[in-house]
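Asks: Sharing model_37.cif here; it has mmCIF, C-alpha atoms and all ligand atoms.
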data_run
#
loop_
_atom_site.label_atom_id
_atom_site.label_comp_id
_atom_site.auth_asym_id
_atom_site.auth_seq_id
_atom_site.Cartn_x
_atom_site.Cartn_y
_atom_site.Cartn_z
CA MET T 1 -74.91 49.52 -186.60
CA MET T 2 -75.27 50.91 -190.08
CA ALA T 3 -73.12 53.86 -191.05
CA ASP T 4 -74.57 57.30 -190.61
CA PRO T 5 -75.02 58.53 -194.18
CA HIS T 6 -73.27 61.74 -193.11
CA SER T 7 -69.68 60.96 -192.20
CA ASP T 8 -66.84 63.26 -191.13
CA ASP T 9 -65.40 62.91 -194.60
CA PRO T 10 -66.90 65.41 -197.08
CA ALA T 11 -65.43 63.52 -200.06
CA LEU T 12 -67.19 60.32 -198.95
CA ASP T 13 -70.45 62.22 -198.36
CA GLU T 14 -70.20 63.62 -201.88
CA GLN T 15 -69.55 60.12 -203.33
CA ARG T 16 -72.56 58.73 -201.49
CA MET T 17 -74.76 61.59 -202.69
CA GLN T 18 -73.71 60.96 -206.30
CA PHE T 19 -74.29 57.24 -205.71
CA VAL T 20 -77.92 57.78 -204.66
CA PHE T 21 -78.43 60.19 -207.57
CA GLU T 22 -77.16 57.52 -209.99
CA LEU T 23 -79.39 54.83 -208.41
CA ARG T 24 -82.44 57.07 -208.85
CA ARG T 25 -81.45 57.72 -212.46
CA CYS T 26 -81.41 53.94 -213.02
CA GLY T 27 -84.99 53.65 -211.73
CA VAL T 28 -84.51 52.86 -208.04
CA THR T 29 -87.24 55.07 -206.54
CA ASP T 30 -88.47 53.20 -203.46
CA THR T 31 -87.47 55.31 -200.44
CA ALA T 32 -86.84 52.40 -198.06
CA VAL T 33 -84.63 50.67 -200.65
CA LEU T 34 -82.72 53.89 -201.37
CA ASN T 35 -82.22 54.44 -197.63
CA ALA T 36 -80.84 50.93 -197.21
CA LEU T 37 -78.44 51.48 -200.12
CA GLU T 38 -77.35 54.87 -198.78
CA ARG T 39 -76.70 53.57 -195.27
CA THR T 40 -74.88 50.35 -196.11
CA PRO T 41 -71.07 50.77 -196.22
CA ARG T 42 -70.37 48.93 -199.52
CA GLU T 43 -66.60 49.40 -199.12
CA GLN T 44 -66.68 46.91 -196.23
CA PHE T 45 -67.95 44.19 -198.60
CA LEU T 46 -64.90 44.69 -200.86
CA GLU T 47 -61.19 44.00 -200.54
CA GLY T 48 -58.01 45.96 -201.21
CA LEU T 49 -58.01 48.41 -204.09
CA PHE T 50 -61.63 47.70 -204.99
CA ARG T 51 -62.71 49.50 -201.81
CA ALA T 52 -61.93 52.84 -203.42
CA ARG T 53 -64.52 52.04 -206.10
CA ALA T 54 -67.31 51.04 -203.69
CA TYR T 55 -69.60 53.92 -204.69
CA GLU T 56 -69.28 53.42 -208.43
CA ASN T 57 -72.35 51.81 -209.95
CA THR T 58 -70.47 48.75 -211.11
CA PRO T 59 -70.09 45.06 -210.23
CA LEU T 60 -66.66 44.28 -208.73
CA PRO T 61 -64.63 41.10 -208.04
CA ILE T 62 -64.80 39.42 -204.61
CA ALA T 63 -63.11 36.24 -203.33
CA CYS T 64 -63.62 32.75 -204.89
CA GLY T 65 -63.87 34.19 -208.42
CA GLN T 66 -67.31 35.70 -207.72
CA THR T 67 -68.66 39.27 -207.99
CA ILE T 68 -70.56 41.75 -205.86
CA SER T 69 -73.54 42.86 -207.94
CA GLN T 70 -73.99 46.28 -209.52
CA PRO T 71 -75.71 48.53 -206.93
CA SER T 72 -78.49 49.66 -209.31
CA VAL T 73 -79.29 46.00 -210.04
CA VAL T 74 -79.36 45.27 -206.29
CA GLY T 75 -81.75 48.24 -205.94
CA LEU T 76 -84.02 47.20 -208.80
CA MET T 77 -84.17 43.57 -207.64
CA THR T 78 -84.89 44.58 -204.04
CA GLN T 79 -87.57 46.98 -205.21
CA ALA T 80 -89.20 44.28 -207.39
CA LEU T 81 -89.17 41.89 -204.42
CA ASP T 82 -91.49 44.28 -202.54
CA VAL T 83 -90.25 43.26 -199.08
CA THR T 84 -92.17 44.21 -195.93
CA LYS T 85 -91.27 43.90 -192.24
CA ARG T 86 -93.48 40.81 -192.08
CA CYS T 87 -91.46 38.94 -194.70
CA LYS T 88 -89.22 35.92 -194.24
CA VAL T 89 -86.79 36.13 -197.16
CA LEU T 90 -84.48 33.54 -198.74
CA GLU T 91 -81.47 34.69 -200.75
CA VAL T 92 -79.50 32.22 -202.89
CA GLY T 93 -75.94 33.43 -203.52
CA THR T 94 -74.66 35.35 -200.47
CA GLY T 95 -71.36 36.32 -202.13
CA SER T 96 -70.05 39.32 -200.19
CA GLY T 97 -73.25 39.61 -198.13
CA TYR T 98 -74.10 43.03 -199.62
CA GLN T 99 -77.55 42.10 -200.98
CA ALA T 100 -78.38 40.41 -197.64
CA ALA T 101 -77.37 43.63 -195.81
CA ILE T 102 -79.72 45.64 -198.03
CA LEU T 103 -82.58 43.20 -197.31
CA SER T 104 -81.95 43.21 -193.55
CA PRO T 105 -83.67 46.51 -192.57
CA LEU T 106 -86.61 45.82 -194.91
CA ALA T 107 -87.44 42.25 -193.81
CA ARG T 108 -88.32 40.40 -190.63
CA ARG T 109 -85.84 37.60 -191.26
CA VAL T 110 -83.28 36.87 -193.98
CA TYR T 111 -81.69 33.48 -194.73
CA SER T 112 -78.88 33.55 -197.27
CA LEU T 113 -77.22 30.48 -198.82
CA GLU T 114 -73.72 30.35 -200.33
CA ARG T 115 -71.92 27.36 -201.91
CA HIS T 116 -68.39 28.75 -201.19
CA LYS T 117 -67.59 28.27 -197.50
CA PRO T 118 -64.98 31.10 -197.35
CA LEU T 119 -67.57 33.58 -198.67
CA ALA T 120 -70.22 32.32 -196.23
CA ARG T 121 -67.73 32.73 -193.36
CA SER T 122 -66.62 36.25 -194.24
CA ALA T 123 -70.19 37.42 -194.91
CA THR T 124 -71.32 36.01 -191.55
CA LYS T 125 -68.57 37.92 -189.73
CA LEU T 126 -69.20 41.17 -191.56
CA LEU T 127 -73.00 41.10 -191.11
CA GLU T 128 -72.45 40.38 -187.41
CA ARG T 129 -70.03 43.29 -187.13
CA LEU T 130 -72.62 45.56 -188.77
CA GLY T 131 -75.19 44.42 -186.19
CA LEU T 132 -77.55 42.89 -188.75
CA VAL T 133 -78.89 40.26 -186.36
CA ASN T 134 -81.88 39.16 -188.48
CA VAL T 135 -79.64 37.69 -191.21
CA THR T 136 -78.41 34.08 -191.13
CA VAL T 137 -75.86 32.91 -193.70
CA ILE T 138 -75.57 29.16 -194.33
CA ALA T 139 -72.91 27.39 -196.42
CA ARG T 140 -74.85 25.03 -198.66
CA ASP T 141 -76.22 24.40 -202.12
CA GLY T 142 -78.95 26.99 -202.51
CA SER T 143 -80.50 25.32 -205.54
CA ARG T 144 -82.16 22.99 -203.03
CA GLY T 145 -83.39 25.93 -200.97
CA LEU T 146 -83.87 25.69 -197.22
CA PRO T 147 -86.78 23.26 -196.68
CA GLU T 148 -86.59 23.46 -192.86
CA GLN T 149 -87.47 27.19 -192.95
CA ALA T 150 -89.96 27.06 -195.85
CA PRO T 151 -92.31 28.51 -196.91
CA PHE T 152 -90.74 31.89 -197.68
CA ASP T 153 -92.61 35.12 -198.43
CA ARG T 154 -89.87 36.24 -200.78
CA ILE T 155 -87.01 34.46 -202.60
CA ILE T 156 -84.18 36.22 -204.44
CA LEU T 157 -81.48 34.52 -206.52
CA THR T 158 -78.31 36.43 -207.27
CA ALA T 159 -76.92 33.72 -209.57
CA ALA T 160 -78.47 32.80 -212.92
CA ALA T 161 -80.36 29.56 -213.48
CA GLU T 162 -81.55 28.30 -216.86
CA ASP T 163 -85.08 28.11 -215.45
CA PRO T 164 -86.58 29.03 -212.07
CA PRO T 165 -85.52 26.06 -209.87
CA ALA T 166 -88.55 23.88 -209.01
CA ASN T 167 -87.24 23.31 -205.46
CA LEU T 168 -87.31 27.03 -204.82
CA LEU T 169 -90.73 27.62 -206.38
CA ALA T 170 -92.04 24.88 -204.09
CA GLN T 171 -90.65 26.76 -201.06
CA LEU T 172 -92.40 30.02 -201.99
CA ARG T 173 -95.61 30.81 -200.11
CA VAL T 174 -98.83 31.43 -202.08
CA GLY T 175 -98.90 35.19 -202.53
CA GLY T 176 -95.10 35.20 -202.44
CA ILE T 177 -92.65 36.79 -204.88
CA MET T 178 -89.42 35.43 -206.37
CA VAL T 179 -86.93 37.57 -208.32
CA LEU T 180 -84.14 35.93 -210.29
CA PRO T 181 -81.96 36.13 -213.38
CA VAL T 182 -82.64 33.36 -215.89
CA GLY T 183 -80.68 32.32 -218.96
CA GLN T 184 -77.47 30.64 -220.06
CA SER T 185 -74.29 31.81 -218.35
CA ASP T 186 -71.93 34.02 -220.38
CA THR T 187 -74.82 35.53 -222.33
CA VAL T 188 -77.33 38.19 -221.47
CA GLN T 189 -79.89 36.91 -219.01
CA GLN T 190 -83.38 38.14 -218.16
CA LEU T 191 -84.32 39.37 -214.75
CA ILE T 192 -87.74 37.96 -213.96
CA LYS T 193 -90.30 38.38 -211.23
CA VAL T 194 -92.48 35.37 -210.41
CA VAL T 195 -95.65 35.80 -208.34
CA LYS T 196 -97.17 32.63 -206.90
CA THR T 197 -100.96 32.83 -206.85
CA GLU T 198 -103.69 30.34 -205.88
CA SER T 199 -104.06 29.47 -209.55
CA GLY T 200 -100.40 29.23 -210.56
CA LEU T 201 -97.35 31.33 -211.43
CA GLU T 202 -97.28 34.77 -213.06
CA TYR T 203 -94.08 35.92 -214.77
CA LYS T 204 -92.88 39.42 -215.53
CA ASP T 205 -89.72 40.31 -217.48
CA LEU T 206 -87.76 43.12 -215.80
CA GLY T 207 -84.98 43.52 -218.36
CA ASP T 208 -81.51 42.28 -219.21
CA VAL T 209 -78.84 41.52 -216.61
CA ARG T 210 -75.65 39.51 -216.30
CA PHE T 211 -74.91 37.31 -213.28
CA VAL T 212 -72.53 34.47 -212.44
CA PRO T 213 -74.20 31.05 -212.94
CA LEU T 214 -76.05 29.09 -210.29
CA VAL T 215 -73.85 26.02 -209.77
CA GLU T 216 -75.13 22.89 -208.06
CA GLY T 217 -73.38 21.38 -205.04
CA LEU T 218 -71.11 22.84 -202.36
CA ALA T 219 -67.76 24.14 -203.68
CA GLU T 220 -64.64 22.19 -202.64
CA ASP T 221 -62.85 25.16 -201.02
CA VAL T 222 -62.73 25.12 -197.22
N1 LIG T 301 -75.56 38.65 -203.64
C1 LIG T 301 -74.12 38.73 -203.81
C2 LIG T 301 -73.72 38.51 -205.26
C3 LIG T 301 -72.92 37.30 -205.34
S1 LIG T 301 -72.57 36.59 -206.89
C4 LIG T 301 -73.56 40.00 -203.22
O1 LIG T 301 -74.34 40.86 -202.83
O2 LIG T 301 -72.34 40.14 -203.12
C5 LIG T 301 -73.48 35.08 -206.77
C6 LIG T 301 -73.09 34.13 -205.69
O3 LIG T 301 -73.90 32.97 -205.86
C7 LIG T 301 -71.65 33.63 -205.73
O4 LIG T 301 -71.03 33.91 -204.52
C8 LIG T 301 -71.78 32.12 -205.96
O5 LIG T 301 -70.81 31.36 -205.28
C9 LIG T 301 -73.16 31.86 -205.40
N2 LIG T 301 -73.79 30.63 -205.89
C10 LIG T 301 -73.81 30.10 -207.14
N3 LIG T 301 -74.50 28.94 -207.15
C11 LIG T 301 -74.93 28.72 -205.88
C12 LIG T 301 -75.68 27.69 -205.24
N4 LIG T 301 -76.15 26.62 -205.91
N5 LIG T 301 -75.93 27.81 -203.92
C13 LIG T 301 -75.47 28.85 -203.20
N6 LIG T 301 -74.76 29.85 -203.74
C14 LIG T 301 -74.49 29.80 -205.06
#
Could you spell out this file's structure in structure tokens?
Replies:
Amino acid sequence: MMADPHSDDPALDEQRMQFVFELRRCGVTDTAVLNALERTPREQFLEGLFRARAYENTPLPIACGQTISQPSVVGLMTQALDVTKRCKVLEVGTGSGYQAAILSPLARRVYSLERHKPLARSATKLLERLGLVNVTVIARDGSRGLPEQAPFDRIILTAAAEDPPANLLAQLRVGGIMVLPVGQSDTVQQLIKVVKTESGLEYKDLGDVRFVPLVEGLAEDV
């Protein structure tokens, strides 16, 4: 079950209201996306002291040296992905599971791939606890995609590649959309939207972002 956006705690309600206001200010205007962001308890995707900062519009550290994305970037990427209830979606880079939780109410089915097993495990547990039964998290190298479930209607990468990975483009359905950050790590990257048409690929630049790099292979941690 997702949290009721109105809790018994007026301070939390106020924080959430400011949060939605800030997301709108950053250009997140799609009602379904805003609802998903308002109803998803971001504090549960964080640990320790970072929980108190869950409703700030900022990326924060999670386990395995990774980060939970900035909420406005999650909103803008989700909005650009244009997800409908008919969509089968692939996410590469589960991290905390927050982006997958936002996709869950919008999509028919979500598959999310994570190269760090501890992150895949904790995200699986949390998404289960929240009752998000249409999300499946799998510990594996997402740069290869998930051929056994392809083609996908939508693909979202939350780690930056130098170019859109060919394996993933091949797993996108004609008419499908892929949203991803591209560029070298440790510099500013571009968020791009790729639409696959009968005649090829169309690219649109959505602005500057900064993500952790897409790294090939499963991580060694267990
Ligand atoms: N979507 C996440 C953001 C996570 S940061 C959230 O909402 O919290 C990006 C994640 O991508 C990291 O957890 C990192 O381990 C993962 N990642 C990087 N390269 C990967 C790969 N090749 N396959 C799967 N996951 C990868």
Asks: Dump as a tab-separated table the rows for residues of chain T within 7 Å of ligand LIG 301 (chain T): closest atom pair and distance in Å with one decimal, all atoms listed in the file counted, ordered by chain and rising residue number.
Replies:
residue	atom	partner	partner_atom	distance
T:Gln66	CA	T:LIG301	C7	5.2
T:Thr67	CA	T:LIG301	S1	4.9
T:Ile68	CA	T:LIG301	O2	3.6
T:Ser69	CA	T:LIG301	C2	5.1
T:Val92	CA	T:LIG301	C13	5.3
T:Gly93	CA	T:LIG301	O3	3.1
T:Thr94	CA	T:LIG301	N1	4.7
T:Gly95	CA	T:LIG301	O4	3.4
T:Ser96	CA	T:LIG301	O2	3.8
T:Gly97	CA	T:LIG301	O1	5.0
T:Tyr98	CA	T:LIG301	O1	3.9
T:Gln99	CA	T:LIG301	O1	3.9
T:Ala100	CA	T:LIG301	O1	6.6
T:Leu113	CA	T:LIG301	C13	5.0
T:Glu114	CA	T:LIG301	N6	3.6
T:Arg115	CA	T:LIG301	C13	4.1
T:His116	CA	T:LIG301	O5	5.4
T:Leu119	CA	T:LIG301	O4	6.8
T:Arg140	CA	T:LIG301	C13	6.0
T:Asp141	CA	T:LIG301	N5	3.9
T:Gly142	CA	T:LIG301	N5	3.4
T:Ser143	CA	T:LIG301	N4	4.6
T:Thr158	CA	T:LIG301	C5	5.0
T:Ala159	CA	T:LIG301	C5	4.6
T:Phe211	CA	T:LIG301	S1	6.8
T:Val212	CA	T:LIG301	C5	5.8
T:Pro213	CA	T:LIG301	C10	5.9
T:Leu214	CA	T:LIG301	N3	3.5
T:Val215	CA	T:LIG301	N3	4.0
T:Glu216	CA	T:LIG301	N4	4.4
T:Gly217	CA	T:LIG301	N4	6.0
Asks: For a quick check of understanding, using only C-alpha atoms, which of T:Glu128, T:Pro10, T:Gln15, T:Arg173 has the smallest distance to Thr197 (chain T)?
Replies: T:Arg173
Asks: Around (-83.9, 26.8, -189.6) in the file's own coordinates, what residues are found within 10 Å if you use only C-alpha atoms, given back as JSON, numbers by chain?
Replies: {"T": [111, 136, 138, 146, 147, 148, 149, 150]}
Asks: Quick one: everything within 12 Å of Arg86 (chain T), counting all atoms listed in the file, minus sequence neighbours fewer than 4 positions away in the same chain. Send it as a ChimeraX atom specification.
Replies: /T:82,104-110,152-154,176
Asks: Rank nothing, just name the residue among T:Gly75, T:Gly200, T:Gly145, T:Gly207 nearest to Leu34 (chain T), using only C-alpha atoms.
Replies: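 For Leu34 (chain T), the nearest of the candidates is T:Gly75.
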Asks: Taking (-63.0, 46.7, -204.0) in the file's own coordinates, collect the residues within 12 Å, counting all atoms listed in the file, and hand them back as a tab-separated table (two decimals) with C-alpha atoms, keeping the file's coordinate frame.
Replies:
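Heads up, here's the output in result-v6.tsv:
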chain	number	residue	atom	x	y	z
T	41	PRO	CA	-71.07	50.77	-196.22
T	42	ARG	CA	-70.37	48.93	-199.52
T	43	GLU	CA	-66.60	49.40	-199.12
T	44	GLN	CA	-66.68	46.91	-196.23
T	45	PHE	CA	-67.95	44.19	-198.60
T	46	LEU	CA	-64.90	44.69	-200.86
T	47	GLU	CA	-61.19	44.00	-200.54
T	48	GLY	CA	-58.01	45.96	-201.21
T	49	LEU	CA	-58.01	48.41	-204.09
T	50	PHE	CA	-61.63	47.70	-204.99
T	51	ARG	CA	-62.71	49.50	-201.81
T	52	ALA	CA	-61.93	52.84	-203.42
T	53	ARG	CA	-64.52	52.04	-206.10
T	54	ALA	CA	-67.31	51.04	-203.69
T	55	TYR	CA	-69.60	53.92	-204.69
T	56	GLU	CA	-69.28	53.42	-208.43
T	58	THR	CA	-70.47	48.75	-211.11
T	59	PRO	CA	-70.09	45.06	-210.23
T	60	LEU	CA	-66.66	44.28	-208.73
T	61	PRO	CA	-64.63	41.10	-208.04
T	62	ILE	CA	-64.80	39.42	-204.61
T	63	ALA	CA	-63.11	36.24	-203.33
T	67	THR	CA	-68.66	39.27	-207.99
T	68	ILE	CA	-70.56	41.75	-205.86
T	69	SER	CA	-73.54	42.86	-207.94
T	96	SER	CA	-70.05	39.32	-200.19
Asks: Between T:Cys26, T:Leu172, T:Val137, T:Ala11, which has the minimum distance to Lys88 (chain T) (counting all atoms listed in the file)?
Replies: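 Selected residue with least distance to Lys88 (chain T): T:Leu172.
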Asks: Compile the contact shell of Asn35 (chain T) as a ChimeraX atom specification: residues with an atom at most 10 Å away, counting all atoms listed in the file, same-chain residues fewer than 2 positions apart removed.
Replies: /T:5,20,30-33,37-40,102,105
Asks: Can you write out the residues you just picked, keeping C-alpha atoms, as a PDB file, in the frame of the given file?
Replies:
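As written to disk, again16.pdb reads:
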ATOM      1  CA  PRO T   5     -75.020  58.530-194.180  1.00  0.00           C
ATOM      2  CA  VAL T  20     -77.920  57.780-204.660  1.00  0.00           C
ATOM      3  CA  ASP T  30     -88.470  53.200-203.460  1.00  0.00           C
ATOM      4  CA  THR T  31     -87.470  55.310-200.440  1.00  0.00           C
ATOM      5  CA  ALA T  32     -86.840  52.400-198.060  1.00  0.00           C
ATOM      6  CA  VAL T  33     -84.630  50.670-200.650  1.00  0.00           C
ATOM      7  CA  LEU T  37     -78.440  51.480-200.120  1.00  0.00           C
ATOM      8  CA  GLU T  38     -77.350  54.870-198.780  1.00  0.00           C
ATOM      9  CA  ARG T  39     -76.700  53.570-195.270  1.00  0.00           C
ATOM     10  CA  THR T  40     -74.880  50.350-196.110  1.00  0.00           C
ATOM     11  CA  ILE T 102     -79.720  45.640-198.030  1.00  0.00           C
ATOM     12  CA  PRO T 105     -83.670  46.510-192.570  1.00  0.00           C
TER      13      PRO T 105
END
Asks: Near region 184-189 of chain T, counting only C-alpha atoms, which residues have an atom at most 6 Å away, once you skip same-chain residues fewer than 4 positions from it, shown as a list in words?
Replies: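 The residues satisfying every condition are Glu162, Asp208, Val209, Arg210 and Pro213 of chain T.
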Asks: How would the residues just picked look written out with C-alpha atoms as a tab-separated table (two decimals), in the frame of the given file?
Replies:
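Dumped everything to result.tsv:
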chain	number	residue	atom	x	y	z
T	162	GLU	CA	-81.55	28.30	-216.86
T	208	ASP	CA	-81.51	42.28	-219.21
T	209	VAL	CA	-78.84	41.52	-216.61
T	210	ARG	CA	-75.65	39.51	-216.30
T	213	PRO	CA	-74.20	31.05	-212.94
Asks: Work out where the centre of an axis-aligned box around every listed atom of region 138-149 of chain T lies and how long its edges are once 5 Å is added on each side; give both in Å to one decimal as JSON.
Replies:
{"center_x": -80.2, "center_y": 26.1, "center_z": -199.2, "size_x": 24.6, "size_y": 16.2, "size_z": 22.7}
Asks: Rounded to one decimal place, report the CA of Ala161 (chain T)-CA of Ala101 (chain T) distance in Å.
Replies: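 Going from CA of Ala161 (chain T) over to CA of Ala101 (chain T) covers 22.8 Å.
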Asks: Kindly give the distance, in Å, that separates CA of Ile192 (chain T) and CA of Asp163 (chain T), rounded to a single decimal.
Replies: 10.3 Å
Asks: I'd like the interatomic distance between CA of Arg129 (chain T) and CA of Ser7 (chain T), to a tenth of an Å.
Replies: 18.4 Å
Asks: Residues at most 10 Å from Leu206 (chain T), counting all atoms listed in the file, excluding those fewer than 5 positions away in the same chain, as number ranges by chain?
Replies: T: 76-77, 80, 179-181, 190-193
Asks: Using all atoms listed in the file, which of T:Ala160, T:Ile155, T:Leu23, T:Leu90 sits nearest Lys196 (chain T)?
Replies: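 Going through T:Ala160, T:Ile155, T:Leu23, T:Leu90 one by one, the smallest distance to Lys196 (chain T) is for T:Ile155.
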